[in-house]
file input.txt (compact mmCIF, C-alpha atoms and all ligand atoms)
# COMPACT_ATOMS: atom_id res chain seq x y z
CA MET A 1 0.00 0.00 0.00
CA ARG A 2 2.23 2.79 -1.30
CA PHE A 3 -0.26 5.64 -0.82
CA THR A 4 -1.89 5.12 2.55
CA GLY A 5 -2.52 8.51 4.19
CA LYS A 6 -2.05 10.40 0.92
CA THR A 7 -4.60 12.50 -0.97
CA ALA A 8 -4.39 12.25 -4.74
CA VAL A 9 -6.17 14.52 -7.22
CA ILE A 10 -6.60 13.06 -10.70
CA THR A 11 -8.03 15.08 -13.59
CA GLY A 12 -9.89 13.39 -16.43
CA ALA A 13 -10.71 10.57 -14.02
CA ALA A 14 -14.16 9.65 -15.37
CA ARG A 15 -12.81 7.23 -17.94
CA GLY A 16 -9.74 5.88 -19.73
CA ILE A 17 -6.26 6.39 -18.35
CA GLY A 18 -7.37 8.80 -15.61
CA LYS A 19 -9.93 6.34 -14.26
CA GLU A 20 -7.32 3.58 -14.15
CA ILE A 21 -4.91 5.86 -12.27
CA ALA A 22 -7.66 6.64 -9.75
CA VAL A 23 -8.57 2.96 -9.35
CA GLN A 24 -4.95 1.93 -8.80
CA MET A 25 -4.26 4.84 -6.42
CA ALA A 26 -7.34 3.85 -4.38
CA GLU A 27 -6.26 0.17 -4.40
CA GLU A 28 -2.97 1.31 -2.94
CA GLY A 29 -4.54 3.27 -0.09
CA ALA A 30 -4.87 6.86 -1.34
CA ALA A 31 -7.91 9.05 -0.76
CA VAL A 32 -8.72 10.01 -4.33
CA VAL A 33 -10.39 13.02 -5.91
CA LEU A 34 -11.92 12.39 -9.32
CA ILE A 35 -12.05 15.56 -11.40
CA ASP A 36 -13.79 15.59 -14.77
CA VAL A 37 -16.33 17.44 -16.89
CA ARG A 38 -17.96 14.02 -17.28
CA ASP A 39 -19.86 12.44 -14.41
CA ALA A 40 -17.47 10.33 -12.29
CA HIS A 41 -19.94 9.50 -9.51
CA GLU A 42 -20.45 5.89 -10.66
CA THR A 43 -16.68 5.28 -10.50
CA ALA A 44 -16.63 6.98 -7.09
CA ARG A 45 -19.37 4.64 -5.84
CA GLN A 46 -17.47 1.57 -7.09
CA LEU A 47 -14.31 2.67 -5.31
CA GLN A 48 -16.20 3.57 -2.12
CA SER A 49 -17.82 0.11 -2.04
CA GLY A 50 -14.27 -1.29 -2.08
CA GLY A 51 -13.49 0.77 1.02
CA ALA A 52 -11.72 3.76 -0.56
CA LYS A 53 -12.19 7.38 0.47
CA VAL A 54 -13.32 9.15 -2.71
CA LEU A 55 -14.60 12.57 -3.77
CA ALA A 56 -16.01 13.09 -7.28
CA LEU A 57 -15.94 16.73 -8.39
CA PRO A 58 -17.53 17.79 -11.68
CA LEU A 59 -15.15 20.48 -12.92
CA ASP A 60 -14.03 22.09 -16.15
CA ILE A 61 -10.30 22.57 -15.66
CA THR A 62 -10.25 25.49 -18.10
CA ASP A 63 -12.17 27.62 -15.57
CA TYR A 64 -9.49 28.92 -13.18
CA ASP A 65 -11.93 30.35 -10.60
CA ALA A 66 -13.76 27.02 -10.46
CA VAL A 67 -10.40 25.21 -10.10
CA ARG A 68 -9.43 27.43 -7.14
CA HIS A 69 -12.74 26.80 -5.39
CA ALA A 70 -12.47 23.05 -6.01
CA VAL A 71 -8.95 23.00 -4.57
CA ASP A 72 -10.15 24.77 -1.39
CA GLU A 73 -12.89 22.15 -1.09
CA ILE A 74 -10.43 19.27 -1.54
CA VAL A 75 -7.95 20.67 0.99
CA ALA A 76 -10.75 20.99 3.56
CA TRP A 77 -12.02 17.48 2.68
CA ASN A 78 -8.87 15.57 3.58
CA ASN A 79 -6.40 18.01 5.09
CA GLY A 80 -4.28 18.92 2.07
CA ILE A 81 -3.18 17.46 -1.24
CA ASP A 82 -0.11 15.24 -1.69
CA ILE A 83 -0.39 14.09 -5.30
CA LEU A 84 -1.68 15.80 -8.44
CA VAL A 85 -2.04 13.88 -11.69
CA ASN A 86 -2.81 16.19 -14.62
CA ASN A 87 -4.31 13.65 -17.00
CA ALA A 88 -7.33 15.40 -18.57
CA GLY A 89 -6.74 16.06 -22.24
CA ILE A 90 -8.44 16.43 -25.58
CA ILE A 91 -7.27 15.75 -29.10
CA ALA A 92 -8.11 17.24 -32.49
CA ARG A 93 -7.53 15.73 -35.92
CA GLY A 94 -6.56 17.21 -39.24
CA ASN A 95 -3.84 19.26 -40.83
CA ILE A 96 -3.24 23.00 -40.39
CA THR A 97 -5.59 23.96 -43.22
CA GLU A 98 -8.46 22.11 -41.54
CA LEU A 99 -7.59 23.16 -37.97
CA THR A 100 -9.67 26.14 -36.90
CA VAL A 101 -8.40 28.83 -34.54
CA GLU A 102 -11.19 27.89 -32.11
CA THR A 103 -10.05 24.26 -32.03
CA TRP A 104 -6.40 25.30 -31.58
CA LEU A 105 -7.37 27.49 -28.59
CA LYS A 106 -9.62 24.80 -27.08
CA VAL A 107 -6.85 22.17 -27.19
CA MET A 108 -4.38 24.62 -25.62
CA ASP A 109 -6.93 25.60 -23.01
CA VAL A 110 -7.59 22.06 -21.77
CA ASN A 111 -4.18 20.41 -22.23
CA LEU A 112 -1.87 23.29 -21.31
CA ASN A 113 -3.83 25.97 -19.43
CA GLY A 114 -5.84 23.43 -17.43
CA THR A 115 -2.62 21.73 -16.31
CA PHE A 116 -1.14 25.10 -15.34
CA TYR A 117 -4.30 26.11 -13.42
CA LEU A 118 -4.27 22.92 -11.32
CA CYS A 119 -0.54 23.32 -10.57
CA LYS A 120 -0.95 26.98 -9.70
CA ALA A 121 -3.90 26.38 -7.37
CA ILE A 122 -2.45 23.29 -5.62
CA LEU A 123 1.27 24.08 -5.31
CA PRO A 124 0.90 26.62 -2.45
CA PHE A 125 -0.58 23.82 -0.31
CA MET A 126 2.22 21.42 -1.28
CA ILE A 127 4.83 24.10 -0.52
CA GLU A 128 3.26 24.57 2.91
CA LYS A 129 3.53 20.80 3.54
CA ARG A 130 7.05 20.65 2.10
CA TYR A 131 5.86 17.61 0.15
CA GLY A 132 4.26 16.99 -3.21
CA ARG A 133 4.18 14.81 -6.29
CA ILE A 134 2.94 16.13 -9.62
CA VAL A 135 2.69 13.83 -12.63
CA ASN A 136 1.59 15.24 -15.98
CA VAL A 137 0.28 12.89 -18.65
CA THR A 138 1.68 14.23 -21.91
CA SER A 139 2.19 12.25 -25.12
CA ILE A 140 4.76 10.87 -27.50
CA ALA A 141 3.51 13.66 -29.81
CA ALA A 142 5.34 16.16 -27.58
CA LYS A 143 8.62 14.65 -28.80
CA THR A 144 7.92 13.35 -32.30
CA GLY A 145 5.42 15.94 -33.47
CA ASP A 146 1.89 14.73 -34.05
CA ILE A 147 1.51 11.33 -35.66
CA THR A 148 -2.28 11.03 -35.85
CA ALA A 149 -3.47 14.35 -34.44
CA ALA A 150 -3.63 18.00 -35.40
CA ALA A 151 -0.59 20.14 -34.57
CA ALA A 152 -2.31 21.76 -31.59
CA TYR A 153 -2.20 18.49 -29.64
CA GLY A 154 1.54 17.79 -29.79
CA THR A 155 2.31 21.47 -29.32
CA SER A 156 0.23 21.60 -26.14
CA LYS A 157 1.86 18.44 -24.80
CA GLY A 158 5.34 19.73 -25.66
CA ALA A 159 4.56 22.85 -23.66
CA VAL A 160 3.46 20.68 -20.72
CA ASN A 161 6.78 18.81 -20.89
CA THR A 162 8.55 22.17 -20.62
CA LEU A 163 6.24 23.26 -17.80
CA THR A 164 7.11 19.97 -16.07
CA ARG A 165 10.83 20.68 -16.16
CA SER A 166 10.39 24.35 -15.18
CA LEU A 167 8.26 23.47 -12.15
CA ALA A 168 10.61 20.62 -11.24
CA ARG A 169 13.47 23.13 -10.95
CA GLN A 170 11.41 25.70 -9.02
CA MET A 171 9.76 23.27 -6.62
CA ALA A 172 12.71 21.00 -5.77
CA GLU A 173 13.69 23.04 -2.71
CA PHE A 174 10.25 22.36 -1.22
CA GLY A 175 10.47 18.57 -1.54
CA ILE A 176 8.08 18.57 -4.49
CA THR A 177 8.82 16.51 -7.59
CA VAL A 178 7.28 17.20 -10.99
CA ASN A 179 7.45 14.55 -13.71
CA ALA A 180 5.62 13.42 -16.81
CA VAL A 181 4.52 10.21 -18.49
CA ALA A 182 4.37 10.18 -22.28
CA PRO A 183 2.09 7.42 -23.59
CA HIS A 184 1.52 6.30 -27.16
CA ALA A 185 -1.20 4.07 -28.63
CA ILE A 186 -3.15 3.28 -25.47
CA GLU A 187 -6.46 1.41 -25.76
CA THR A 188 -9.04 4.07 -24.70
CA ASP A 189 -12.00 6.02 -26.12
CA MET A 190 -9.48 8.56 -27.47
CA SER A 191 -7.79 5.93 -29.66
CA ALA A 192 -11.00 3.94 -30.34
CA GLU A 193 -11.88 6.41 -33.09
CA TRP A 194 -8.85 5.32 -35.18
CA PRO A 195 -9.85 3.56 -38.42
CA LEU A 196 -8.88 -0.15 -38.47
CA GLU A 197 -6.14 0.41 -41.04
CA LYS A 198 -4.49 3.12 -38.96
CA ARG A 199 -4.68 0.91 -35.85
CA LYS A 200 -2.95 -1.92 -37.73
CA ALA A 201 -0.24 0.43 -39.02
CA VAL A 202 0.33 1.81 -35.52
CA ILE A 203 0.68 -1.68 -34.00
CA ASP A 204 3.04 -2.73 -36.79
CA SER A 205 5.28 0.25 -35.98
CA ILE A 206 5.55 -0.63 -32.29
CA PRO A 207 8.42 -3.02 -31.38
CA LEU A 208 6.29 -4.76 -28.70
CA LYS A 209 3.55 -5.27 -31.35
CA ARG A 210 0.50 -4.30 -29.31
CA MET A 211 -1.52 -1.35 -28.11
CA GLY A 212 -0.80 -0.23 -24.55
CA THR A 213 -3.30 -0.61 -21.72
CA CYS A 214 -4.45 2.03 -19.24
CA ARG A 215 -2.70 -0.03 -16.55
CA ASP A 216 0.59 0.26 -18.48
CA VAL A 217 0.30 4.03 -18.07
CA SER A 218 -1.00 4.04 -14.50
CA GLU A 219 1.92 1.85 -13.36
CA ALA A 220 4.37 4.52 -14.57
CA VAL A 221 2.31 7.33 -13.03
CA LEU A 222 2.14 5.55 -9.68
CA TYR A 223 5.88 4.96 -9.67
CA LEU A 224 6.53 8.69 -10.18
CA ALA A 225 3.95 9.56 -7.52
CA SER A 226 5.49 7.16 -5.01
CA ASP A 227 8.35 7.66 -2.57
CA ALA A 228 10.39 5.17 -4.64
CA ALA A 229 10.82 8.06 -7.12
CA SER A 230 11.88 10.66 -4.54
CA PHE A 231 15.16 11.36 -6.42
CA VAL A 232 13.46 11.63 -9.82
CA THR A 233 12.26 15.04 -11.00
CA GLY A 234 11.89 16.81 -14.34
CA GLU A 235 11.76 13.39 -16.02
CA THR A 236 9.42 12.12 -18.73
CA ILE A 237 8.87 8.35 -18.84
CA ASN A 238 7.92 6.91 -22.22
CA VAL A 239 5.16 4.30 -22.19
CA ASN A 240 5.10 3.48 -25.88
CA GLY A 241 6.06 -0.16 -26.49
CA GLY A 242 9.46 0.94 -27.76
CA TYR A 243 8.15 3.12 -30.61
CA LEU A 244 10.39 5.97 -29.50
CA MET A 245 13.54 5.26 -27.50
CA ASP A 246 15.16 8.49 -26.38
N1 LIG A 301 -5.10 7.12 -25.45
C1 LIG A 301 -3.89 7.33 -25.96
O1 LIG A 301 -3.42 6.59 -26.83
C2 LIG A 301 -3.02 8.46 -25.43
C3 LIG A 301 -1.75 8.60 -25.99
C4 LIG A 301 -0.94 9.64 -25.53
C5 LIG A 301 -1.41 10.51 -24.54
N2 LIG A 301 -2.65 10.34 -24.03
C6 LIG A 301 -3.08 11.30 -23.01
O2 LIG A 301 -3.58 10.61 -21.89
C7 LIG A 301 -4.59 11.40 -21.24
C8 LIG A 301 -5.84 10.56 -21.06
O3 LIG A 301 -6.25 10.11 -22.33
P1 LIG A 301 -7.42 9.05 -22.56
O4 LIG A 301 -7.07 8.29 -23.75
O5 LIG A 301 -7.75 8.35 -21.28
O6 LIG A 301 -8.59 10.07 -22.97
P2 LIG A 301 -10.16 10.07 -22.69
O7 LIG A 301 -10.75 10.98 -23.69
O8 LIG A 301 -10.68 8.68 -22.58
O9 LIG A 301 -10.22 10.73 -21.22
C9 LIG A 301 -9.91 12.08 -21.02
C10 LIG A 301 -10.80 12.60 -19.90
O10 LIG A 301 -10.52 14.00 -19.73
C11 LIG A 301 -11.76 14.65 -19.49
N3 LIG A 301 -11.69 16.07 -19.83
C12 LIG A 301 -11.60 16.61 -21.08
N4 LIG A 301 -11.66 17.94 -21.01
C13 LIG A 301 -11.78 18.28 -19.71
C14 LIG A 301 -11.89 19.50 -19.01
N5 LIG A 301 -11.92 20.68 -19.66
N6 LIG A 301 -11.99 19.47 -17.67
C15 LIG A 301 -12.00 18.30 -16.99
N7 LIG A 301 -11.90 17.09 -17.61
C16 LIG A 301 -11.81 17.09 -18.95
C17 LIG A 301 -12.75 13.91 -20.37
O11 LIG A 301 -14.09 14.14 -19.95
C18 LIG A 301 -12.29 12.47 -20.21
O12 LIG A 301 -12.97 11.81 -19.17
C19 LIG A 301 -4.80 12.62 -22.14
O13 LIG A 301 -4.09 13.72 -21.61
C20 LIG A 301 -4.22 12.20 -23.46
O14 LIG A 301 -3.76 13.29 -24.22
C21 LIG A 301 -3.48 9.34 -24.47
call {"tool": "encode", "arguments": {"input": "input.txt", "output": "structure tokens"}}
result
Amino acid sequence: MRFTGKTAVITGAARGIGKEIAVQMAEEGAAVVLIDVRDAHETARQLQSGGAKVLALPLDITDYDAVRHAVDEIVAWNNGIDILVNNAGIIARGNITELTVETWLKVMDVNLNGTFYLCKAILPFMIEKRYGRIVNVTSIAAKTGDITAAAAYGTSKGAVNTLTRSLARQMAEFGITVNAVAPHAIETDMSAEWPLEKRKAVIDSIPLKRMGTCRDVSEAVLYLASDAASFVTGETINVNGGYLMD
């Protein structure tokens, strides 16, 4: 039980990778806060019936005032926040001629600004505790450029990688680590929309010859959030079946 006594906030926790991170964190003893624009109450009930302490908060992470209020509520709920996993994200398809300005701004708002808002609102409480773990879920697209998405997606994730390293430097003196996990080709609703041919091509290009699972990603996130990773900061762990080795 690596997270007994810890409070973990996970964004985008209603489904996919975020839900798996929340489930595994709860299995390992954390009190978990499920943040999502989608309803996460059913997941919360499942976890509670297994004995976990859970709070489901409907929240749009692009609304900074709402984020600040939610953070105050969470801090009061379980006496602070130890772990923040910025996992919520959206993707857009198409090349630059098809990508509208509105879509570009929306992707930046959720993937980059939302991550910044959560960090900004939660870090003062971590600084006060002299303890914190932040893990940002970025993407292989941050390093390779977009493979299947519009340019806004990889650009936003690249910016989050840079934010990760910047915060890692600034927060180290307070005992707070900031890291990232960069998945590729994970079996979720986000990748379910791929046409069959694209899915086959993606699997063929991966040395381990399969799609990744949400648990593959959550295992890496939990490692970075655990005390086993206390000397790791500013790092991005690839979870990509060997597609990119850097
Ligand atoms: N699935 C993949 O292959 C893959 C690959 C690389 C990176 N990722 C990243 O992993 C993360 C999770 O992806 P997933 O595949 O589980 O996606 P998903 O679409 O299944 O889940 C994302 C969740 O984020 C929530 N969300 C979206 N906008 C939000 C907002 N404004 N406020 C609060 N919540 C919001 C959604 O409601 C959803 O529940 C994303 O950041 C994604 O970019 C996924």
call {"tool": "closest_residue", "arguments": {"input": "input.txt", "among": "A:Lys198, A:His184, A:Arg93, A:Lys129", "to": "ligand LIG 301 (chain A)", "atoms": "all atoms listed in the file"}}
result
A:His184
call {"tool": "closest_residue", "arguments": {"input": "input.txt", "among": "A:Met25, A:Leu55, A:Ala185, A:Met171", "to": "ligand LIG 301 (chain A)", "atoms": "all atoms listed in the file"}}
result
A:Ala185
call {"tool": "closest_residue", "arguments": {"input": "input.txt", "among": "A:Leu163, A:Ala172, A:Ala228, A:Ile35", "to": "A:Ala70", "atoms": "all atoms listed in the file"}}
result
A:Ile35
call {"tool": "closest_residue", "arguments": {"input": "input.txt", "among": "A:Asn87, A:Gly80, A:Gly5, A:Lys200", "to": "A:Leu34", "atoms": "all atoms listed in the file"}}
result
A:Asn87
call {"tool": "residues_around", "arguments": {"input": "input.txt", "residues": "A:Phe231", "least_positions_apart": "2", "cutoff": "12 Å", "atoms": "only C-alpha atoms", "output": "JSON, numbers by chain"}}
result
{"A": [133, 168, 172, 175, 176, 177, 178, 179, 223, 224, 225, 226, 227, 228, 229, 233, 234, 235]}
call {"tool": "closest_residue", "arguments": {"input": "input.txt", "among": "A:Pro195, A:Asn136, A:Leu84, A:Ser230", "to": "A:Leu123", "atoms": "only C-alpha atoms"}}
result
A:Leu84
call {"tool": "residues_near_ligand", "arguments": {"input": "input.txt", "ligand": "ligand LIG 301 (chain A)", "cutoff": "8 Å", "atoms": "all atoms listed in the file", "output": "ChimeraX atom specification"}}
result
/A:11-19,35-38,58-62,86-91,109-111,114,137-141,153,157,182-191,212,214
call {"tool": "closest_residue", "arguments": {"input": "input.txt", "among": "A:Asp204, A:Asp82, A:Glu102, A:Glu197", "to": "A:Ala31", "atoms": "only C-alpha atoms"}}
result
A:Asp82
call {"tool": "residues_around", "arguments": {"input": "input.txt", "residues": "A:Asp72", "least_positions_apart": "3", "cutoff": "12 Å", "atoms": "all atoms listed in the file", "output": "ChimeraX atom specification"}}
result
/A:65-69,75-81,118,121-122,124-125
call {"tool": "residues_around", "arguments": {"input": "input.txt", "residues": "A:Arg215", "least_positions_apart": "5", "cutoff": "9 Å", "atoms": "all atoms listed in the file", "output": "list in words"}}
result
Ile17, Glu20, Ile21, Gln24 and Ala220 of chain A
call {"tool": "atom_distance", "arguments": {"input": "input.txt", "atom1": "atom CA of A:Ile206", "atom2": "atom CA of A:Gly158"}}
result
21.4 Å
call {"tool": "residues_around", "arguments": {"input": "input.txt", "residues": "stretch 147-152 of chain A", "least_positions_apart": "3", "cutoff": "9 Å", "atoms": "all atoms listed in the file", "output": "VMD selection string"}}
result
chain A and resid 91 to 96 98 to 99 103 to 105 107 to 108 140 to 141 144 155 to 157 194 198
call {"tool": "atom_distance", "arguments": {"input": "input.txt", "atom1": "atom CA of A:Glu28", "atom2": "atom CA of A:Phe3"}}
result
5.5 Å
